[in-house]
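*Asks:* Take a look at start03.cif, mmCIF, C-alpha atoms:
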data_start
loop_
_atom_site.label_atom_id
_atom_site.label_comp_id
_atom_site.auth_asym_id
_atom_site.auth_seq_id
_atom_site.Cartn_x
_atom_site.Cartn_y
_atom_site.Cartn_z
CA MET A 509 201.63 83.10 -22.25
CA SER A 510 202.20 80.76 -25.20
CA GLN A 511 202.98 77.08 -24.88
CA VAL A 512 206.36 77.57 -26.53
CA THR A 513 207.37 80.03 -23.80
CA HIS A 514 206.05 77.70 -21.11
CA LYS A 515 208.02 74.77 -22.48
CA SER A 516 211.25 76.75 -22.65
CA ARG A 517 211.19 77.38 -18.88
CA THR A 518 212.84 74.18 -17.71
CA LEU A 519 215.34 75.26 -15.04
CA ILE A 520 215.29 76.00 -11.34
CA ALA A 521 217.62 78.79 -10.20
CA ALA A 522 218.85 79.07 -6.63
CA ILE A 523 220.34 81.74 -4.39
CA GLY A 524 221.45 80.34 -1.09
CA ASP A 525 224.09 79.45 1.43
CA GLU A 526 226.71 76.83 0.68
CA ASP A 527 224.83 73.92 2.28
CA THR A 528 221.60 74.69 0.44
CA ILE A 529 223.25 75.13 -2.95
CA THR A 530 225.36 72.00 -2.49
CA GLY A 531 222.23 69.97 -1.75
CA LEU A 532 220.39 71.40 -4.73
CA LEU A 533 223.35 70.77 -7.03
CA LEU A 534 223.58 67.19 -5.81
CA ALA A 535 219.87 66.87 -6.60
CA GLY A 536 220.66 67.89 -10.17
CA ILE A 537 219.50 71.50 -10.62
CA GLY A 538 222.90 72.85 -11.72
CA ASP A 539 223.23 74.23 -15.22
CA VAL A 540 225.63 76.48 -17.10
CA ASP A 541 224.25 77.84 -20.37
CA ALA A 542 226.02 78.61 -23.64
CA HIS A 543 226.92 82.07 -22.32
CA GLN A 544 228.65 80.52 -19.28
CA ARG A 545 225.90 81.74 -16.91
CA ALA A 546 225.21 79.45 -13.97
CA ASN A 547 221.71 79.11 -12.55
CA PHE A 548 222.85 79.39 -8.94
CA LEU A 549 224.63 81.76 -6.57
CA VAL A 550 226.41 80.66 -3.40
CA VAL A 551 226.07 83.43 -0.81
CA ASP A 552 228.69 83.68 1.90
CA SER A 553 230.01 86.39 4.21
CA LYS A 554 231.92 88.00 1.31
CA THR A 555 228.89 88.25 -1.00
CA THR A 556 227.54 91.78 -1.24
CA GLN A 557 223.88 92.76 -1.34
CA GLU A 558 224.52 94.16 -4.81
CA GLN A 559 225.75 90.76 -6.03
CA ILE A 560 222.63 89.06 -4.65
CA GLU A 561 220.35 91.64 -6.27
CA GLU A 562 222.25 91.30 -9.55
CA ALA A 563 221.89 87.51 -9.51
CA PHE A 564 218.17 87.74 -8.73
CA THR A 565 217.60 90.28 -11.50
CA SER A 566 219.56 88.16 -13.96
CA PHE A 567 217.65 84.98 -13.05
CA SER A 568 214.30 86.77 -13.22
CA LYS A 569 215.00 87.96 -16.78
CA ARG A 570 216.11 84.58 -18.13
CA LYS A 571 213.53 82.80 -20.29
CA ASP A 572 214.81 79.32 -19.40
CA ILE A 573 214.14 79.60 -15.63
CA ALA A 574 210.75 78.61 -14.19
CA ILE A 575 211.46 78.86 -10.45
CA ILE A 576 213.89 80.86 -8.34
CA LEU A 577 214.60 79.35 -4.92
CA ILE A 578 216.11 81.70 -2.36
CA ASN A 579 216.98 81.11 1.28
CA GLN A 580 214.63 83.20 3.38
CA HIS A 581 217.42 84.78 5.43
CA ILE A 582 219.09 85.89 2.18
CA ALA A 583 215.76 87.11 0.79
CA GLU A 584 215.58 89.46 3.77
CA ASP A 585 218.72 91.19 2.45
CA ILE A 586 216.97 92.04 -0.84
CA ARG A 587 213.39 92.31 0.46
CA GLY A 588 212.78 95.56 -1.43
CA VAL A 589 213.67 93.95 -4.77
CA LEU A 590 211.52 90.90 -4.01
CA ASP A 591 208.54 93.01 -2.98
CA GLU A 592 208.73 94.93 -6.28
CA TYR A 593 208.87 91.69 -8.32
CA LYS A 594 205.36 90.95 -9.62
CA ALA A 595 205.89 88.51 -12.51
CA ALA A 596 204.36 85.04 -12.40
CA PHE A 597 207.37 83.46 -14.11
CA PRO A 598 209.87 82.74 -12.88
CA THR A 599 208.11 82.07 -9.60
CA VAL A 600 210.07 83.03 -6.48
CA LEU A 601 209.96 80.66 -3.50
CA GLU A 602 211.62 81.39 -0.19
CA ILE A 603 213.02 78.31 1.50
CA PRO A 604 214.58 77.66 4.91
CA SER A 605 218.22 76.78 5.44
CA LYS A 606 219.90 74.50 7.92
CA ASP A 607 220.74 77.35 10.30
CA HIS A 608 217.73 79.60 9.68
CA PRO A 609 214.23 78.12 10.08
CA TYR A 610 211.34 79.17 7.85
CA ASP A 611 209.27 82.11 9.13
CA PRO A 612 205.90 82.38 7.34
CA LEU A 613 205.50 85.97 8.54
CA LYS A 614 208.44 87.04 6.35
CA ASP A 615 207.48 85.12 3.18
CA SER A 616 206.53 87.55 0.39
CA VAL A 617 204.59 84.90 -1.56
CA LEU A 618 202.53 83.97 1.49
CA LYS A 619 201.84 87.66 2.14
CA ARG A 620 200.47 88.03 -1.41
CA VAL A 621 198.25 84.98 -0.99
CA GLN A 622 196.91 86.34 2.28
CA LEU A 623 196.10 89.65 0.57
CA LEU A 624 194.18 87.83 -2.15
CA PHE A 625 192.08 86.00 0.44
CA GLY A 626 191.63 89.08 2.59
CA GLU A 627 193.46 87.74 5.62
#
Could you spell out this file's structure in structure tokens?

*Replies:*
Amino acid sequence: MSQVTHKSRTLIAAIGDEDTITGLLLAGIGDVDAHQRANFLVVDSKTTQEQIEEAFTSFSKRKDIAIILINQHIAEDIRGVLDEYKAAFPTVLEIPSKDHPYDPLKDSVLKRVQLLFGE
């Protein structure tokens, strides 16, 4: 990967519940590009699995995003899509939420690392 491509990946995208996204936006990750595309998706009870998958696919194709943060309980809803995703950039990290603690047994990144080390 060239340095120019590396340098253009400056954003963090997020898919999460309202509390998580609010915290991340307050921390300064929010961005809306020239095409009016936000780098975050707030998932609530009305959000469909298709909308979550669409947001993930969109974020994963953007050349300005380096990391995609996704609440682990939401990642479970699109586990098939996440398991098929093999690209290094943007990197996908599953994070806990206030109401759903982190479970390392469900983390797709941790599973890949364990496979590499033969665990």

*Asks:* Name the residues, using the chain letters and numbers of the file, that sit within 10 Å of (225.9, 81.8, -2.9) when counting all atoms listed in the file, and give them as a list in words.

*Replies:*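 All residues meeting the 10 Å criterion around (225.9, 81.8, -2.9) are Ala522, Ile523, Gly524, Asp525, Glu526, Asp527, Thr528, Ile529, Thr530, Phe548, Leu549, Val550, Val551, Asp552, Ser553, Lys554, Thr555, Gln559, Ile560, Ala563, Ile578, Asn579 and Ile582 of chain A.
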
*Asks:* Which value, in Å to one decimal, gives the distance between atom CA of A:Ala583 and atom CA of A:Ser605?

*Replies:*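 So the two atoms, atom CA of A:Ala583 and atom CA of A:Ser605, lie 11.6 Å apart.
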
*Asks:* Take the PyMOL selection byres ((chain A and resi 591-601) around 9), run it mentally on this structure, and tell me the resulting residues as an NGL selection string.

*Replies:* :A and (517 or 520 or 567-580 or 586-590 or 602-603 or 615-617)

*Asks:* What gap, in Å, lies between atom CA of A:Thr565 and atom CA of A:Ala546?

*Replies:*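 Between atom CA of A:Thr565 and atom CA of A:Ala546 the gap works out to 13.5 Å.
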
*Asks:* In Å, with one decimal, what is the gap from atom CA of A:Ala535 to atom CA of A:Pro604?

*Replies:*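 So the two atoms, atom CA of A:Ala535 and atom CA of A:Pro604, lie 16.6 Å apart.
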
*Asks:* Taking all atoms of stretch 551-558 of chain A that the file lists and extending 5 Å past them on each side, where is the centre of the axis-aligned box and how long are its edges? Answer in Å to one decimal, as AutoDock Vina command-line options.

*Replies:*
--center_x 227.9 --center_y 88.8 --center_z -0.3 --size_x 18.0 --size_y 20.7 --size_z 19.0

*Asks:* Find the residue from A:Tyr610, A:Asp541, A:Asp585, A:Asn547 that sits nearest to A:Ala521; use all atoms listed in the file when measuring.

*Replies:*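 For A:Ala521, the nearest of the candidates is A:Asn547.
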
*Asks:* Using all atoms listed in the file, find the one residue out of A:His581, A:Glu562, A:Leu623, A:Leu534 that sits nearest to A:Pro609.

*Replies:*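 Among A:His581, A:Glu562, A:Leu623, A:Leu534, it is A:His581 that comes nearest to A:Pro609.
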